[in-house]
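Please read the structure below before turning to the comments.
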Amino acid sequence: MSKANSASGKLHIIGLEKGGDIEAMYNPKELQIDKSVPWQKAKNSKADKPDLEFTSADGRSMSFELMFDTFEEGTSVFSKVDQLLQLAMVMEEGGSEDKKRPTRVKVVWGTLPAFEGVIESISTKYTMFLPDGTPVRATCNVKVKEANKASKGSGS
């Protein structure tokens with residue numbers, strides 16, 4: 001984590017391969033981390049309390065809401081939201097196979113341990129507009145799936 005990131009006290013989402021550093025305008029009021037443990041009923045289990053089999057390990061997921069507000073500047077909030085969306089876009093559509101996927105990211109905030117993964121989803125809601133219709137406030141719900149490594153799948 002750079003000194004600039006730690007000094008500001010703001011949540012940062014850093015593109016690990018593509019670059020980019022999104023600093024939250026306002027820190028989230030809450031941050032949620034979920035961990036799923038996949039279990040499956042054993043094939044021969046017929047009891048009301050079934051025998052379970054561990055199937056695989058899943059990473060954690062982190063979710064939080066970011067608010068962007070450009071009302072005082074009187075400018076569109078689209079550029080702030082677009083910076084965030086760029087971290088979920090394919091790095092190089094026509095480039096090398098390894099870059100035909102979105103970048104891995106690192107979420108850094110205060111004393112919380114850094115969380116590395118990929119952006120799983122971004123949902124944006126525009127909530128304030130200037131009289132001419134220019135959006136000046138947006139909230140983005142972001143979900144990051146933990147990943148040590150990321151690669152492009154073999155599907156078409």
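Letters A, B, ... mark the chains of the structure tokens in the order given; residue numbers begin at 1 per chain; ligand numbers begin at 1, in order shown.
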Assign secondary structure with DSSP using the backbone only, and return the residues of stretch 5-149 of chain A in alpha helix (DSSP H) as a ChimeraX atom specification. /A:5-8,78-86
Write a file of the selected residues as a PDB file, in the first residue's frame, keeping C-alpha atoms.
```pdb
ATOM      1  CA  ASN A   5      -3.390   5.422   0.114  1.00  0.00           C
ATOM      2  CA  SER A   6      -2.749   5.000   3.819  1.00  0.00           C
ATOM      3  CA  ALA A   7      -2.580   8.741   4.497  1.00  0.00           C
ATOM      4  CA  SER A   8      -5.985   9.518   2.987  1.00  0.00           C
ATOM      5  CA  PHE A  78     -20.394   9.486 -15.157  1.00  0.00           C
ATOM      6  CA  SER A  79     -16.585   9.843 -15.263  1.00  0.00           C
ATOM      7  CA  LYS A  80     -16.244   8.772 -11.604  1.00  0.00           C
ATOM      8  CA  VAL A  81     -18.499   5.744 -12.136  1.00  0.00           C
ATOM      9  CA  ASP A  82     -16.715   4.887 -15.409  1.00  0.00           C
ATOM     10  CA  GLN A  83     -13.335   4.718 -13.621  1.00  0.00           C
ATOM     11  CA  LEU A  84     -14.801   2.031 -11.374  1.00  0.00           C
ATOM     12  CA  LEU A  85     -16.446   0.192 -14.289  1.00  0.00           C
ATOM     13  CA  GLN A  86     -13.117   0.080 -16.161  1.00  0.00           C
TER      14      GLN A  86
END
```
Show which residues sit within 9 Å of A:Thr55, as a list in words. Count only C-alpha atoms, and ignore same-chain residues fewer than 2 positions away.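 Returned residues: Val37, Pro38, Trp39, Gln40, Glu53 and Ala57 of chain A.
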Pick out the residues sitting within 7 Å of A:Val142, and hand them over as a PDB file with C-alpha atoms, in the first residue's frame; count only C-alpha atoms, and ignore anything fewer than 5 positions along from it in its own chain.
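result_15.pdb written:
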```pdb
ATOM      1  CA  SER A  63     -19.411  -6.292  -0.816  1.00  0.00           C
ATOM      2  CA  PHE A  64     -19.802  -2.586  -0.135  1.00  0.00           C
ATOM      3  CA  GLU A  65     -21.537   0.528  -1.425  1.00  0.00           C
ATOM      4  CA  SER A 121     -20.522  -7.237 -10.027  1.00  0.00           C
ATOM      5  CA  ILE A 122     -21.173  -3.485  -9.975  1.00  0.00           C
ATOM      6  CA  SER A 123     -24.705  -2.150  -9.695  1.00  0.00           C
TER       7      SER A 123
END
```
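Between atom CA of A:Thr103 and atom CA of A:Ile13 there is a distance of 11.4 Å.
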For A:Gly74, which residue out of A:Ser61, A:Ser36, A:Ser56, A:Thr134 is the nearest one, using only C-alpha atoms?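 Selected residue with least distance to A:Gly74: A:Thr134.
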A:Gly19 proximity check over A:Ala42, A:Val105, A:Glu92, A:Ile33, using only C-alpha atoms: winner is A:Val105
Nearest to A:Pro28 among A:Val77, A:Met67, A:Ala147, A:Leu112, with distances taken over only C-alpha atoms: which residue is it?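 Of A:Val77, A:Met67, A:Ala147, A:Leu112, the one nearest A:Pro28 is A:Met67, counting only C-alpha atoms.
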For A:Lys149: contacts at 10 Å, only C-alpha atoms, fewer than 4 positions along chain excluded, given as a PyMOL selection string: chain A and resi 104+116-118
How about saving the chosen residues, C-alpha atoms kept, as a PDB file, in the first residue's frame?
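So the final result, stored in part-v5.pdb, reads:
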```pdb
ATOM      1  CA  ARG A 104      -7.512  -8.561 -10.574  1.00  0.00           C
ATOM      2  CA  GLU A 116      -7.399  -9.346  -3.493  1.00  0.00           C
ATOM      3  CA  GLY A 117      -9.746 -10.744  -6.099  1.00  0.00           C
ATOM      4  CA  VAL A 118     -11.854  -9.860  -9.115  1.00  0.00           C
TER       5      VAL A 118
END
```
Using only C-alpha atoms, which residue out of A:Trp109, A:Tyr126, A:Phe68, A:Phe115 lies closest to A:Asn148?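 Nearest to A:Asn148: A:Phe115.
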